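Trainee: If it helps, the file is called target09.cif and holds mmCIF, N, CA and C atoms:
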```
data_upload
loop_
_atom_site.label_atom_id
_atom_site.label_comp_id
_atom_site.auth_asym_id
_atom_site.auth_seq_id
_atom_site.Cartn_x
_atom_site.Cartn_y
_atom_site.Cartn_z
N MET A 1 -3.85 42.29 41.27
CA MET A 1 -3.39 41.78 40.01
C MET A 1 -2.08 42.49 39.65
N LYS A 2 -1.02 41.72 39.48
CA LYS A 2 0.31 42.26 39.21
C LYS A 2 0.61 42.14 37.72
N ILE A 3 0.77 43.28 37.05
CA ILE A 3 1.12 43.30 35.63
C ILE A 3 2.44 44.03 35.49
N ASP A 4 3.39 43.40 34.80
CA ASP A 4 4.68 44.02 34.55
C ASP A 4 4.79 44.35 33.07
N ILE A 5 4.71 45.61 32.74
CA ILE A 5 4.74 46.02 31.34
C ILE A 5 6.08 46.65 30.96
N SER A 6 7.13 46.39 31.75
CA SER A 6 8.42 47.02 31.51
C SER A 6 9.00 46.67 30.14
N ARG A 7 8.63 45.51 29.56
CA ARG A 7 9.13 45.12 28.24
C ARG A 7 8.56 46.00 27.15
N GLU A 8 7.41 46.61 27.38
CA GLU A 8 6.72 47.38 26.34
C GLU A 8 6.91 48.89 26.47
N ILE A 9 7.76 49.30 27.39
CA ILE A 9 8.01 50.73 27.58
C ILE A 9 9.20 51.14 26.71
N VAL A 10 9.03 52.22 25.97
CA VAL A 10 10.12 52.79 25.16
C VAL A 10 10.72 53.93 25.97
N PHE A 11 12.05 53.91 26.11
CA PHE A 11 12.72 54.91 26.95
C PHE A 11 13.41 55.95 26.08
N ARG A 12 13.37 57.20 26.58
CA ARG A 12 14.03 58.31 25.93
C ARG A 12 14.78 59.06 27.03
N THR A 13 15.99 59.52 26.77
CA THR A 13 16.77 60.22 27.80
C THR A 13 17.03 61.66 27.36
N ALA A 14 17.28 62.49 28.37
CA ALA A 14 17.61 63.89 28.11
C ALA A 14 18.41 64.41 29.29
N ARG A 15 18.97 65.58 29.11
CA ARG A 15 19.69 66.19 30.24
C ARG A 15 18.66 66.65 31.25
N SER A 16 18.99 66.43 32.50
CA SER A 16 18.02 66.73 33.53
C SER A 16 18.48 67.92 34.35
N GLY A 17 17.51 68.60 34.96
CA GLY A 17 17.85 69.69 35.86
C GLY A 17 18.02 69.14 37.27
N GLY A 18 18.16 70.01 38.22
CA GLY A 18 18.22 69.56 39.60
C GLY A 18 19.63 69.26 40.07
N LYS A 19 19.73 68.47 41.14
CA LYS A 19 21.02 68.21 41.77
C LYS A 19 21.93 67.39 40.86
N GLY A 20 23.21 67.51 41.09
CA GLY A 20 24.18 66.76 40.30
C GLY A 20 25.37 67.61 39.88
N GLY A 21 25.32 68.90 40.15
CA GLY A 21 26.44 69.78 39.84
C GLY A 21 26.71 69.86 38.35
N GLN A 22 27.99 69.82 37.97
CA GLN A 22 28.36 69.91 36.56
C GLN A 22 27.91 68.67 35.80
N ASN A 23 27.69 67.58 36.52
CA ASN A 23 27.23 66.32 35.92
C ASN A 23 25.92 66.53 35.15
N VAL A 24 25.09 67.45 35.64
CA VAL A 24 23.78 67.74 35.04
C VAL A 24 23.94 68.25 33.61
N ASN A 25 25.00 69.03 33.37
CA ASN A 25 25.19 69.67 32.07
C ASN A 25 25.73 68.74 30.99
N LYS A 26 26.27 67.58 31.38
CA LYS A 26 26.91 66.75 30.36
C LYS A 26 26.37 65.32 30.27
N VAL A 27 25.57 64.88 31.22
CA VAL A 27 25.09 63.50 31.22
C VAL A 27 23.57 63.49 31.13
N GLU A 28 23.02 62.63 30.28
CA GLU A 28 21.57 62.53 30.12
C GLU A 28 21.01 61.58 31.17
N THR A 29 20.60 62.13 32.30
CA THR A 29 20.10 61.30 33.40
C THR A 29 18.58 61.28 33.49
N MET A 30 17.90 62.26 32.88
CA MET A 30 16.44 62.27 32.92
C MET A 30 15.93 61.20 31.96
N VAL A 31 14.99 60.38 32.46
CA VAL A 31 14.44 59.30 31.64
C VAL A 31 12.95 59.51 31.47
N GLU A 32 12.50 59.35 30.23
CA GLU A 32 11.09 59.46 29.90
C GLU A 32 10.64 58.09 29.39
N GLY A 33 9.60 57.55 30.00
CA GLY A 33 9.06 56.27 29.57
C GLY A 33 7.78 56.47 28.78
N ILE A 34 7.71 55.86 27.61
CA ILE A 34 6.54 56.02 26.74
C ILE A 34 5.89 54.64 26.58
N PHE A 35 4.61 54.58 26.93
CA PHE A 35 3.88 53.31 26.85
C PHE A 35 2.63 53.51 26.00
N ASP A 36 2.44 52.63 25.03
CA ASP A 36 1.27 52.69 24.15
C ASP A 36 0.36 51.51 24.50
N PRO A 37 -0.72 51.76 25.25
CA PRO A 37 -1.60 50.66 25.66
C PRO A 37 -2.28 49.95 24.49
N GLU A 38 -2.52 50.68 23.39
CA GLU A 38 -3.20 50.07 22.24
C GLU A 38 -2.36 48.98 21.58
N LYS A 39 -1.05 49.13 21.60
CA LYS A 39 -0.16 48.16 20.96
C LYS A 39 0.33 47.09 21.94
N SER A 40 -0.14 47.14 23.17
CA SER A 40 0.31 46.19 24.20
C SER A 40 -0.19 44.78 23.92
N SER A 41 0.72 43.81 24.06
CA SER A 41 0.33 42.41 23.90
C SER A 41 0.03 41.77 25.25
N ILE A 42 0.37 42.45 26.33
CA ILE A 42 0.15 41.93 27.68
C ILE A 42 -1.29 42.19 28.14
N LEU A 43 -1.84 43.33 27.75
CA LEU A 43 -3.16 43.74 28.21
C LEU A 43 -4.26 43.17 27.32
N SER A 44 -5.39 42.86 27.94
CA SER A 44 -6.55 42.40 27.18
C SER A 44 -7.29 43.62 26.59
N VAL A 45 -8.24 43.35 25.72
CA VAL A 45 -9.01 44.43 25.09
C VAL A 45 -9.78 45.23 26.14
N ASP A 46 -10.37 44.53 27.11
CA ASP A 46 -11.11 45.21 28.18
C ASP A 46 -10.19 46.10 29.01
N GLN A 47 -9.01 45.58 29.33
CA GLN A 47 -8.06 46.36 30.12
C GLN A 47 -7.60 47.59 29.36
N LYS A 48 -7.41 47.45 28.05
CA LYS A 48 -7.01 48.60 27.23
C LYS A 48 -8.08 49.68 27.24
N GLU A 49 -9.35 49.27 27.17
CA GLU A 49 -10.46 50.23 27.20
C GLU A 49 -10.52 50.95 28.54
N ILE A 50 -10.33 50.19 29.62
CA ILE A 50 -10.36 50.78 30.97
C ILE A 50 -9.24 51.81 31.11
N ILE A 51 -8.05 51.46 30.64
CA ILE A 51 -6.91 52.38 30.73
C ILE A 51 -7.16 53.63 29.89
N GLN A 52 -7.68 53.46 28.68
CA GLN A 52 -7.97 54.61 27.82
C GLN A 52 -8.97 55.55 28.49
N GLU A 53 -9.97 54.97 29.14
CA GLU A 53 -11.03 55.77 29.76
C GLU A 53 -10.54 56.48 31.03
N LYS A 54 -9.88 55.73 31.91
CA LYS A 54 -9.51 56.29 33.21
C LYS A 54 -8.27 57.17 33.18
N LEU A 55 -7.37 56.92 32.23
CA LEU A 55 -6.13 57.69 32.17
C LEU A 55 -6.10 58.69 31.02
N LYS A 56 -7.28 59.05 30.48
CA LYS A 56 -7.30 59.94 29.31
C LYS A 56 -6.68 61.31 29.61
N ASN A 57 -6.74 61.76 30.88
CA ASN A 57 -6.15 63.05 31.24
C ASN A 57 -4.63 62.99 31.31
N LYS A 58 -4.08 61.79 31.47
CA LYS A 58 -2.63 61.63 31.58
C LYS A 58 -1.99 61.20 30.26
N MET A 59 -2.82 61.00 29.23
CA MET A 59 -2.30 60.52 27.95
C MET A 59 -2.25 61.65 26.93
N THR A 60 -1.41 61.44 25.91
CA THR A 60 -1.31 62.41 24.83
C THR A 60 -2.48 62.23 23.87
N ASN A 61 -2.60 63.12 22.90
CA ASN A 61 -3.68 63.03 21.91
C ASN A 61 -3.59 61.76 21.07
N THR A 62 -2.38 61.23 20.93
CA THR A 62 -2.18 60.02 20.14
C THR A 62 -2.37 58.75 20.96
N GLY A 63 -2.68 58.89 22.25
CA GLY A 63 -2.96 57.73 23.10
C GLY A 63 -1.74 57.15 23.78
N LEU A 64 -0.66 57.92 23.90
CA LEU A 64 0.55 57.45 24.57
C LEU A 64 0.56 57.91 26.02
N LEU A 65 1.01 57.04 26.90
CA LEU A 65 1.18 57.37 28.31
C LEU A 65 2.66 57.69 28.52
N ILE A 66 2.96 58.92 28.90
CA ILE A 66 4.35 59.35 29.07
C ILE A 66 4.60 59.70 30.53
N VAL A 67 5.62 59.04 31.09
CA VAL A 67 6.00 59.28 32.49
C VAL A 67 7.49 59.57 32.49
N LYS A 68 7.90 60.61 33.25
CA LYS A 68 9.33 60.92 33.30
C LYS A 68 9.81 60.97 34.73
N SER A 69 11.12 60.79 34.88
CA SER A 69 11.73 60.85 36.20
C SER A 69 13.11 61.49 36.07
N GLN A 70 13.37 62.44 36.95
CA GLN A 70 14.70 63.05 37.02
C GLN A 70 15.09 63.23 38.48
N ARG A 71 14.50 62.37 39.32
CA ARG A 71 14.70 62.46 40.76
C ARG A 71 16.12 62.06 41.17
N GLU A 72 16.63 61.00 40.54
CA GLU A 72 17.94 60.45 40.92
C GLU A 72 19.05 61.02 40.05
N ARG A 73 20.30 60.78 40.46
CA ARG A 73 21.45 61.29 39.71
C ARG A 73 21.92 60.33 38.63
N SER A 74 21.44 59.07 38.67
CA SER A 74 21.87 58.12 37.65
C SER A 74 20.71 57.78 36.72
N GLN A 75 21.05 57.52 35.47
CA GLN A 75 20.05 57.17 34.47
C GLN A 75 19.37 55.85 34.81
N LEU A 76 20.13 54.90 35.31
CA LEU A 76 19.59 53.58 35.65
C LEU A 76 18.54 53.68 36.77
N ALA A 77 18.83 54.50 37.79
CA ALA A 77 17.88 54.67 38.89
C ALA A 77 16.60 55.35 38.41
N ASN A 78 16.75 56.33 37.51
CA ASN A 78 15.58 57.02 36.96
C ASN A 78 14.77 56.08 36.06
N LYS A 79 15.45 55.19 35.36
CA LYS A 79 14.76 54.21 34.51
C LYS A 79 13.92 53.28 35.39
N GLY A 80 14.49 52.83 36.49
CA GLY A 80 13.74 51.98 37.43
C GLY A 80 12.56 52.71 38.03
N ASP A 81 12.74 54.00 38.29
CA ASP A 81 11.65 54.82 38.84
C ASP A 81 10.51 54.95 37.84
N VAL A 82 10.84 55.14 36.56
CA VAL A 82 9.82 55.24 35.51
C VAL A 82 9.04 53.93 35.40
N ILE A 83 9.74 52.81 35.40
CA ILE A 83 9.09 51.50 35.32
C ILE A 83 8.14 51.31 36.49
N GLU A 84 8.61 51.66 37.68
CA GLU A 84 7.77 51.51 38.89
C GLU A 84 6.54 52.40 38.81
N LYS A 85 6.70 53.65 38.36
CA LYS A 85 5.58 54.59 38.27
C LYS A 85 4.52 54.10 37.28
N ILE A 86 4.96 53.65 36.10
CA ILE A 86 4.00 53.20 35.09
C ILE A 86 3.29 51.93 35.55
N ASN A 87 4.04 50.98 36.11
CA ASN A 87 3.42 49.75 36.60
C ASN A 87 2.40 50.04 37.70
N ARG A 88 2.75 50.95 38.62
CA ARG A 88 1.83 51.31 39.71
C ARG A 88 0.58 51.99 39.17
N LEU A 89 0.77 52.87 38.18
CA LEU A 89 -0.35 53.58 37.58
C LEU A 89 -1.31 52.61 36.88
N ILE A 90 -0.77 51.69 36.11
CA ILE A 90 -1.60 50.70 35.40
C ILE A 90 -2.30 49.79 36.41
N GLU A 91 -1.56 49.37 37.44
CA GLU A 91 -2.13 48.47 38.46
C GLU A 91 -3.30 49.14 39.19
N GLN A 92 -3.12 50.40 39.58
CA GLN A 92 -4.18 51.12 40.29
C GLN A 92 -5.38 51.37 39.38
N THR A 93 -5.12 51.59 38.11
CA THR A 93 -6.20 51.85 37.16
C THR A 93 -7.05 50.60 36.96
N LEU A 94 -6.41 49.44 36.90
CA LEU A 94 -7.13 48.19 36.64
C LEU A 94 -7.72 47.55 37.89
N LYS A 95 -7.39 48.10 39.05
CA LYS A 95 -7.90 47.55 40.32
C LYS A 95 -9.39 47.86 40.44
N LYS A 96 -10.17 46.83 40.72
CA LYS A 96 -11.61 47.03 40.86
C LYS A 96 -11.92 47.48 42.28
N LYS A 97 -12.70 48.53 42.38
CA LYS A 97 -13.07 49.06 43.69
C LYS A 97 -14.27 48.31 44.22
N LYS A 98 -14.26 48.06 45.51
CA LYS A 98 -15.38 47.37 46.15
C LYS A 98 -16.58 48.30 46.22
N MET A 99 -17.72 47.75 45.93
CA MET A 99 -18.95 48.54 46.03
C MET A 99 -19.31 48.74 47.50
N ARG A 100 -19.75 49.93 47.84
CA ARG A 100 -20.13 50.23 49.21
C ARG A 100 -21.55 49.72 49.45
N ILE A 101 -21.72 49.03 50.57
CA ILE A 101 -23.04 48.55 50.95
C ILE A 101 -23.66 49.59 51.88
N ALA A 102 -24.78 50.16 51.47
CA ALA A 102 -25.42 51.20 52.26
C ALA A 102 -26.02 50.60 53.53
N THR A 103 -25.80 51.25 54.65
CA THR A 103 -26.36 50.79 55.92
C THR A 103 -27.10 51.93 56.58
N ALA A 104 -28.08 51.59 57.41
CA ALA A 104 -28.86 52.59 58.15
C ALA A 104 -28.24 52.76 59.53
N PRO A 105 -28.34 53.96 60.11
CA PRO A 105 -27.80 54.15 61.46
C PRO A 105 -28.58 53.32 62.48
N SER A 106 -27.86 52.81 63.47
CA SER A 106 -28.52 51.97 64.47
C SER A 106 -29.35 52.83 65.43
N LYS A 107 -30.23 52.16 66.16
CA LYS A 107 -31.09 52.86 67.12
C LYS A 107 -30.26 53.56 68.20
N GLY A 108 -29.23 52.87 68.66
CA GLY A 108 -28.36 53.44 69.69
C GLY A 108 -27.63 54.68 69.22
N SER A 109 -27.16 54.66 67.98
CA SER A 109 -26.43 55.82 67.47
C SER A 109 -27.35 57.01 67.28
N LYS A 110 -28.63 56.75 66.89
CA LYS A 110 -29.60 57.84 66.76
C LYS A 110 -29.87 58.48 68.12
N GLU A 111 -30.08 57.63 69.14
CA GLU A 111 -30.35 58.14 70.49
C GLU A 111 -29.16 58.94 71.02
N LYS A 112 -27.96 58.45 70.76
CA LYS A 112 -26.75 59.12 71.22
C LYS A 112 -26.63 60.49 70.56
N ARG A 113 -26.95 60.58 69.27
CA ARG A 113 -26.90 61.85 68.54
C ARG A 113 -27.91 62.84 69.11
N ILE A 114 -29.12 62.38 69.37
CA ILE A 114 -30.16 63.26 69.91
C ILE A 114 -29.79 63.73 71.31
N GLN A 115 -29.23 62.82 72.12
CA GLN A 115 -28.79 63.18 73.48
C GLN A 115 -27.72 64.26 73.41
N GLY A 116 -26.79 64.13 72.47
CA GLY A 116 -25.73 65.13 72.30
C GLY A 116 -26.30 66.48 71.90
N LYS A 117 -27.33 66.47 71.04
CA LYS A 117 -27.97 67.71 70.61
C LYS A 117 -28.67 68.39 71.79
N LYS A 118 -29.29 67.60 72.67
CA LYS A 118 -29.97 68.17 73.84
C LYS A 118 -28.98 68.83 74.78
N ILE A 119 -27.85 68.17 74.99
CA ILE A 119 -26.83 68.73 75.88
C ILE A 119 -26.29 70.04 75.30
N LYS A 120 -26.03 70.04 73.99
CA LYS A 120 -25.53 71.25 73.33
C LYS A 120 -26.55 72.38 73.44
N SER A 121 -27.86 72.04 73.30
CA SER A 121 -28.93 73.02 73.40
C SER A 121 -28.97 73.64 74.79
N GLN A 122 -28.84 72.79 75.83
CA GLN A 122 -28.85 73.30 77.21
C GLN A 122 -27.66 74.21 77.46
N THR A 123 -26.51 73.84 76.94
CA THR A 123 -25.31 74.67 77.10
C THR A 123 -25.52 76.04 76.48
N LYS A 124 -26.08 76.07 75.28
CA LYS A 124 -26.28 77.34 74.59
C LYS A 124 -27.38 78.17 75.23
N SER A 125 -28.43 77.51 75.73
CA SER A 125 -29.51 78.27 76.38
C SER A 125 -29.02 78.90 77.68
N GLY A 126 -28.01 78.29 78.31
CA GLY A 126 -27.43 78.86 79.52
C GLY A 126 -26.61 80.11 79.26
N ARG A 127 -26.25 80.34 78.01
CA ARG A 127 -25.45 81.52 77.65
C ARG A 127 -26.30 82.75 77.37
N ARG A 128 -27.63 82.57 77.27
CA ARG A 128 -28.51 83.69 76.93
C ARG A 128 -28.60 84.66 78.11
N LYS A 129 -28.96 85.92 77.76
CA LYS A 129 -29.17 86.91 78.81
C LYS A 129 -30.46 86.56 79.54
N VAL A 130 -30.45 86.79 80.83
CA VAL A 130 -31.63 86.46 81.63
C VAL A 130 -32.63 87.60 81.54
N ASP A 131 -33.88 87.28 81.22
CA ASP A 131 -34.94 88.26 81.16
C ASP A 131 -35.75 88.10 82.44
N TYR A 132 -35.63 89.08 83.34
CA TYR A 132 -36.25 88.97 84.67
C TYR A 132 -37.78 89.13 84.60
N ASN A 133 -38.32 89.63 83.50
CA ASN A 133 -39.76 89.77 83.36
C ASN A 133 -40.45 88.41 83.19
N ASP A 134 -39.74 87.42 82.66
CA ASP A 134 -40.30 86.10 82.41
C ASP A 134 -40.36 85.27 83.70
N ILE A 135 -39.65 85.63 84.71
CA ILE A 135 -39.60 84.83 85.93
C ILE A 135 -40.82 85.04 86.81
#
```
Using structure tokens, write down the structure from this file.

Mentor:
Amino acid sequence: MKIDISREIVFRTARSGGKGGQNVNKVETMVEGIFDPEKSSILSVDQKEIIQEKLKNKMTNTGLLIVKSQRERSQLANKGDVIEKINRLIEQTLKKKKMRIATAPSKGSKEKRIQGKKIKSQTKSGRRKVDYNDI
């Protein structure tokens, strides 16, 4: 399910650290994206609840999802990175995981396991000191 919430992200810029030389000190290239799932018109009520529950560790106390990027040297590239990160995060959160169907080991695999254990046992018993009184 592909959801694009880039229209609902509020962007904030700041001076960023990292590479860029003197450019870092005078240009605001770090971008912070703020998304409020509760006020979203794109998401359904169920989707909002799922996001609140699964992403509670990544959200602020007020329920805002904040993602920042300062990887690139340009503000536009960092803005695109923030949009991609938030969209990917929301998409992965809303993705339904397939239920695992429990299966029993086959007869052949059980026999193979037991055969391997016997071989290992023989190998280890061959490493023991020989007691000549038992012979």

Trainee: Can you work out which one of A:Ile66, A:Arg7, A:Thr29, A:Lys2 has the shortest atom-to-atom distance to Lys79 (chain A), counting only N, CA and C atoms?

Mentor: A:Thr29

Trainee: What separation in Å, quoted to one decimal, exists between atom N of Pro37 (chain A) and atom N of Gly63 (chain A)?

Mentor: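 According to the coordinates, atom N of Pro37 (chain A) and atom N of Gly63 (chain A) are separated by 8.0 Å.
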
Trainee: Which residue is closest to Glu8 (chain A)? Choose from A:Glu84, A:Asp46, A:Asp36, A:Asp131 and count all atoms listed in the file.

Mentor: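 Ranked by minimum distance to Glu8 (chain A), first place goes to A:Asp36.
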
Trainee: Pick out each residue of chain A that DSSP on the backbone tags as strand (DSSP E or B); I need them as a ChimeraX atom specification.

Mentor: /A:10-14,30-35,59,65-69

Trainee: What's the separation between atom C of Lys54 (chain A) and atom N of Thr93 (chain A), in Å to one decimal place?

Mentor: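 Answer for the atom C of Lys54 (chain A) to atom N of Thr93 (chain A) separation: 8.1 Å.
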
Trainee: Between A:Leu94, A:Ile101, A:Leu89, A:Leu65, single out the one closest to Gly33 (chain A), counting all atoms listed in the file.

Mentor: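 Closest to Gly33 (chain A) of all the choices is A:Leu65.
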
Trainee: For CA of Ile3 (chain A) and atom N of Gln52 (chain A), quote the distance in Å rounded to one decimal.

Mentor: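 Taking CA of Ile3 (chain A) as the start and atom N of Gln52 (chain A) as the end point, the length is 15.1 Å.
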
Trainee: Return as a PyMOL selection string the full set of residues in chain A whose backbone-based DSSP assignment is alpha helix (DSSP H).

Mentor: chain A and resi 23-26+45-54+75-94+107-125

Trainee: When distances are computed from only C-alpha atoms, which of A:Arg12, A:Val67, A:Ile119, A:Met30 shows the smallest separation from Asn87 (chain A)?

Mentor: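 Closest candidate: A:Val67.
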
Trainee: Find the residues around Ala77 (chain A) up to 8 Å (only N, CA and C atoms counted), leave out those fewer than 6 positions away in its own chain, and share them as a ChimeraX atom specification.

Mentor: /A:29,31,69-71,83

Trainee: Counting only C-alpha atoms, figure out which residue out of A:Glu72, A:Glu111, A:Asp81, A:Asp134 gets nearest to Ser6 (chain A).

Mentor: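 Using only C-alpha atoms, Ser6 (chain A) sits closest to A:Asp81.
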
Trainee: How big is the axis-aligned box, and where does its centre sit, when it encloses all atoms of region 63-75 of chain A listed in the file and has 6 Å added on every side, reported in Å to one decimal as JSON?

Mentor:
```
{"center_x": 9.5, "center_y": 59.5, "center_z": 31.7, "size_x": 36.9, "size_y": 19.4, "size_z": 30.9}
```

Trainee: Please reconstruct the missing atoms of region 122-134 of chain A (target: N, CA, C and O atoms) and return them as a tab-separated table (two decimals), keeping the file's coordinate frame.

Mentor:
```tsv
chain	number	residue	atom	x	y	z
A	122	GLN	N	-28.84	72.79	75.83
A	122	GLN	CA	-28.85	73.30	77.21
A	122	GLN	C	-27.66	74.21	77.46
A	122	GLN	O	-27.79	75.26	78.11
A	123	THR	N	-26.51	73.84	76.94
A	123	THR	CA	-25.31	74.67	77.10
A	123	THR	C	-25.52	76.04	76.48
A	123	THR	O	-25.21	77.07	77.09
A	124	LYS	N	-26.08	76.07	75.28
A	124	LYS	CA	-26.28	77.34	74.59
A	124	LYS	C	-27.38	78.17	75.23
A	124	LYS	O	-27.30	79.40	75.27
A	125	SER	N	-28.43	77.51	75.73
A	125	SER	CA	-29.51	78.27	76.38
A	125	SER	C	-29.02	78.90	77.68
A	125	SER	O	-29.52	79.93	78.11
A	126	GLY	N	-28.01	78.29	78.31
A	126	GLY	CA	-27.43	78.86	79.52
A	126	GLY	C	-26.61	80.11	79.26
A	126	GLY	O	-26.29	80.85	80.18
A	127	ARG	N	-26.25	80.34	78.01
A	127	ARG	CA	-25.45	81.52	77.65
A	127	ARG	C	-26.30	82.75	77.37
A	127	ARG	O	-25.78	83.85	77.24
A	128	ARG	N	-27.63	82.57	77.27
A	128	ARG	CA	-28.51	83.69	76.93
A	128	ARG	C	-28.60	84.66	78.11
A	128	ARG	O	-28.42	84.30	79.26
A	129	LYS	N	-28.96	85.92	77.76
A	129	LYS	CA	-29.17	86.91	78.81
A	129	LYS	C	-30.46	86.56	79.54
A	129	LYS	O	-31.43	86.09	78.95
A	130	VAL	N	-30.45	86.79	80.83
A	130	VAL	CA	-31.63	86.46	81.63
A	130	VAL	C	-32.63	87.60	81.54
A	130	VAL	O	-32.28	88.77	81.76
A	131	ASP	N	-33.88	87.28	81.22
A	131	ASP	CA	-34.94	88.26	81.16
A	131	ASP	C	-35.75	88.10	82.44
A	131	ASP	O	-36.46	87.12	82.62
A	132	TYR	N	-35.63	89.08	83.34
A	132	TYR	CA	-36.25	88.97	84.67
A	132	TYR	C	-37.78	89.13	84.60
A	132	TYR	O	-38.48	88.82	85.54
A	133	ASN	N	-38.32	89.63	83.50
A	133	ASN	CA	-39.76	89.77	83.36
A	133	ASN	C	-40.45	88.41	83.19
A	133	ASN	O	-41.62	88.27	83.47
A	134	ASP	N	-39.74	87.42	82.66
A	134	ASP	CA	-40.30	86.10	82.41
A	134	ASP	C	-40.36	85.27	83.70
A	134	ASP	O	-41.09	84.28	83.74
```
